[in-house]
Structures are given as C-alpha cells and as structure tokens.
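Here the structure comes first, spelled out in structure tokens, and everything after it is commentary.
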Amino acid sequence: MSFEYFIGLRYLRAKQKHAFISLITILSIAGVTVGVMALIVVIAVISGFESDLKSRILGGQSHVVLMRYGGTLSDYRRVIKDVEKTPGVEAATPFIYTQIMLRSSSGISGAVLRGVDPESAGRVIKSLERISFKDGSNVSQGQKKKIALPGIILGKELAKNIGVSKGDMVFLISPRGTLSPIGHIPAMRRFMVTGFFESGMYEFDGSFAYINIVDAQKMLHMGDTVTGIEVRVKDIYQAKSISERIVKQLGFPFWTKDWMQMNKNLFSALKLEKTVMFVILTLIVLVAAFNIASTLIMMVMGKKKDIAILKAMGATDKSIRKIFVFKGMVIGTIGTILGMCLGFILCTLLKYYNIIELTGDIYYFTTTLPVKLEMLDVFLIVAATMVVCFFATLYPARQASKFQPVEAIRFG
C-alpha cells in the first residue's frame, strides 16, 4: 500500500478531539446512502410502470400495422404471404377498422369496431387468443322461435357501460348505410355477445368491439377488401427496422406504423419523467457531496502540521491531493455500496410483498407497485454518484496541496 492510501485510511479514524469531524463523515456517508437508495428505488418503480404498461398495450394491439395509401386492400391474402416471409415477422392477420354505435336494451355507446380473422387474430394480438365468433341462438321477442345471430366480442368496460352480459343481443349501427327515397339510412344489424376481452388498458376495454371479418365486410359493403394488415414481430425493439423492410419489399403505395410510433406521446412522457426524477434525486447526492467537501475542508484545517511534516519529508503536491481525494472517494464508495444494498433490499420487498397497494380506479392496469430493476440504470446511478463525489474532493485536496511547510509549522 502506498503511503498516500495508508495516511488516507488513518484520517478516516478521527481521534477523540476530532469527534465532530468523525460525526460529519458519518453524516456524509449516510447522505450518499440515502441518495443512492432513493434513486435506485424510484427509477426501478418508474421502469416497472413503463414495462407493465408496455406489456398491456402490446397485449391489445399489434407490433406493426400495414396499410395502403388511398383506400382498402383487395389482394390482402397475397400481401400477408409476402409479409410473413419477411425475416423477423412472426405472424400477420387482416383487419377492418371503423367507428360504430352499439345499442342494447340498457344503453347506447360509441365504439371502435374491428373486424378480425378468428383463425389468425390470436397469433398477432394475444388478448384475442381465446375469442370465439360462433353463431349464437336467441329468442326473438316478436316471434317465439330461435334465430341465429353472428357473434360479437366486447371489451369488458364497454359491456359494462351498455349493460350487457354474455348471450345478450346488441344492435350495431354503422354510418355506412344505404341511400333511400327518404335519404341516407345507417346500416343496422343484430349481434349476440359471445364473450368479453380484457387487455388491462381502459382505452381498449372501454371502446373496442370485435366481430368476424366476414360479417364486417358484409355490413360495411366492403366486398373482399380489408382496412389493413396487423403484424407481430419476434423482437418488439426491432419493429421499426422490420416495418421499414416490409415497406421496401412491397413498395408504394404501402406504408407502416410500428407500436412505438402509435404510442409515441405516452412513452416519451414516461421517458421524460424518468429523466426528470433522476436529475431531481441526484440533488440528494449533490447535498451529500457538499457534506463530503465540508468534511475534507475541516480535516485540512486540522491537519496543517501533518501536511507540513509530510511536505518537509518530501511529499509532493500531487501526493497531498491524492490523500484527500482518496479519503473523499472512500466516503463516497462506502455510501454508494450501502445505498445499493438498501436499494436492492427495498426493491425486493416492494416486488414480492404487497406493501403498497394502488387504487384500481386510478391505476387501472395494476393494483400493486410494479418494480423492475435494470442493471444499466444501477450502473448509471453508481457512476453519477462517484463522479459527483470525486468533484467534491477536488477543491479541499487542492487547498491542502497549497500549504507551505514553513508557514504551516510557524503559524500552525
């Protein structure tokens, strides 16, 4: 061990008459510990929210949407085969998208209608894996006979809003109707509720309704065309490059939009919130760094004679700076390690024990505090803390190296 490190370690153990300096050292370590712990826990919770939100959004929508400029797709079966041959694509399915009104005996509500292919929709959108559009049977109130109705799947919240349960009949009203002598008549058709879906996102569960793509084509008078094609990719973070590859392969007039573009505002807000919280909580570490600086300044003032003797014995300015930088970095390192340990422990408790329960009415997608600890975030927190602590040691160390041996011994 070099003498600079040896003396730096000796200075960490203050004598009885310097007990106050020792107390400040302990408080400095505690400040760094609290700052690092708070950073790790808060960033882990924000990452958990982002991850949980991302999984629920992707459970209710595809990774890439392929559409055509100027209208609907007529040769969509051929296009689907070409898309599924693209490297990185897991599955593709056609869809029809429009806005409609739903009316039941209990209420009426606007909704987003999606016509999907029951054979392939579940492979692209996981929340539709168990859906069934099998024709149901219902008893007409006007005629005492059974009639077969096409099935419709409603979002759980949407069904609650219009007051229907499984087996009930609903009227689907579309603005795409027919012209008659009395004017435009909206298209209206009866459907039987054959099931519900729950994605965990209120926006989806409160507005989406799914029917068989064949029924949607008939009702909207679309013939054998679709609105577009939904695509599921193997790696969600490669969705942008895969969508660009699809467009390049198919050429104009096709265009795509990936899940990050469709939810750009939401994830941008989450990223900004994470950055802001990181900056704000770093101020805690900055306050602790001022404590480290004040501890070292007081140490320098009390060690004038020691510094003079060391310089008289041949210690250079660099060696003196090294002693006090080393002491400050030891304080920062101890505080960082303790903060990491406490942060890991607290994150584990929050993750596996229901310590904080969230209100389901406010946080619709989760009732427990989600926690996701990412090693990259931990590394950035530790690195930022050590950099702040290092800069806090520079001024006291520089002042210590300026002492002249003769003046320090004469006036010390």
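Each chain of the structure tokens is named A, B, ... in the order shown, its residues numbered from 1; ligands are numbered from 1 in display order.
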
- Task: Among the residues of stretch 236-280 of chain A, find those DSSP assigns to strand (DSSP E) from the backbone and print them as a PyMOL selection string.
- Result: chain A and resi 254-258

- Spatial neighbours of stretch 253-266 of chain A, 8 Å, only C-alpha atoms, chain gap at least 2 places, as a PyMOL selection string: chain A and resi 58+62-69+239-240+243-244+247+250-251+268-270

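Among the candidates A:Leu128, A:Met313, A:Ile381, A:Met222, the one nearest to A:Tyr97 when counting only C-alpha atoms is A:Met222.
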
- Message: Please determine, counting only C-alpha atoms, which residue among A:Val285, A:Ile320, A:Ile80, A:Ile108 has the shortest atom-to-atom distance to A:Val300.
- Response: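 When distances to A:Val300 are compared using only C-alpha atoms, the smallest one comes from A:Ile320.
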
- Item | Per-residue DSSP, stretch 168-373 of chain A, filtered to alpha helix (DSSP H), as JSON, numbers by chain | {"A": [202, 203, 204, 205, 213, 214, 215, 216, 217, 218, 219, 239, 240, 241, 242, 243, 244, 245, 246, 247, 248, 249, 250, 259, 260, 261, 262, 264, 265, 266, 267, 268, 269, 270, 271, 272, 273, 274, 275, 276, 277, 278, 279, 280, 281, 282, 283, 284, 285, 286, 287, 288, 289, 290, 291, 292, 293, 294, 295, 296, 297, 298, 299, 300, 301, 302, 304, 305, 306, 307, 308, 309, 310, 311, 312, 317, 318, 319, 320, 321, 322, 323, 324, 325, 326, 327, 328, 329, 330, 331, 332, 333, 334, 335, 336, 337, 338, 339, 340, 341, 342, 343, 344, 345, 346, 347, 348, 349, 350, 351, 352]}

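Nearest residue to A:Ser55 among A:Met169, A:Met386, A:Ile24, A:Met201 is A:Met201, counting only C-alpha atoms.
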
- Point out the residue among A:Ala400, A:Met329, A:Leu154, A:Val32 with the least atom-to-atom distance to A:Thr316, counting only C-alpha atoms. A:Ala400

- Atom pair atom CA of A:Lys351 + atom CA of A:Gly155, distance 29.2 Å
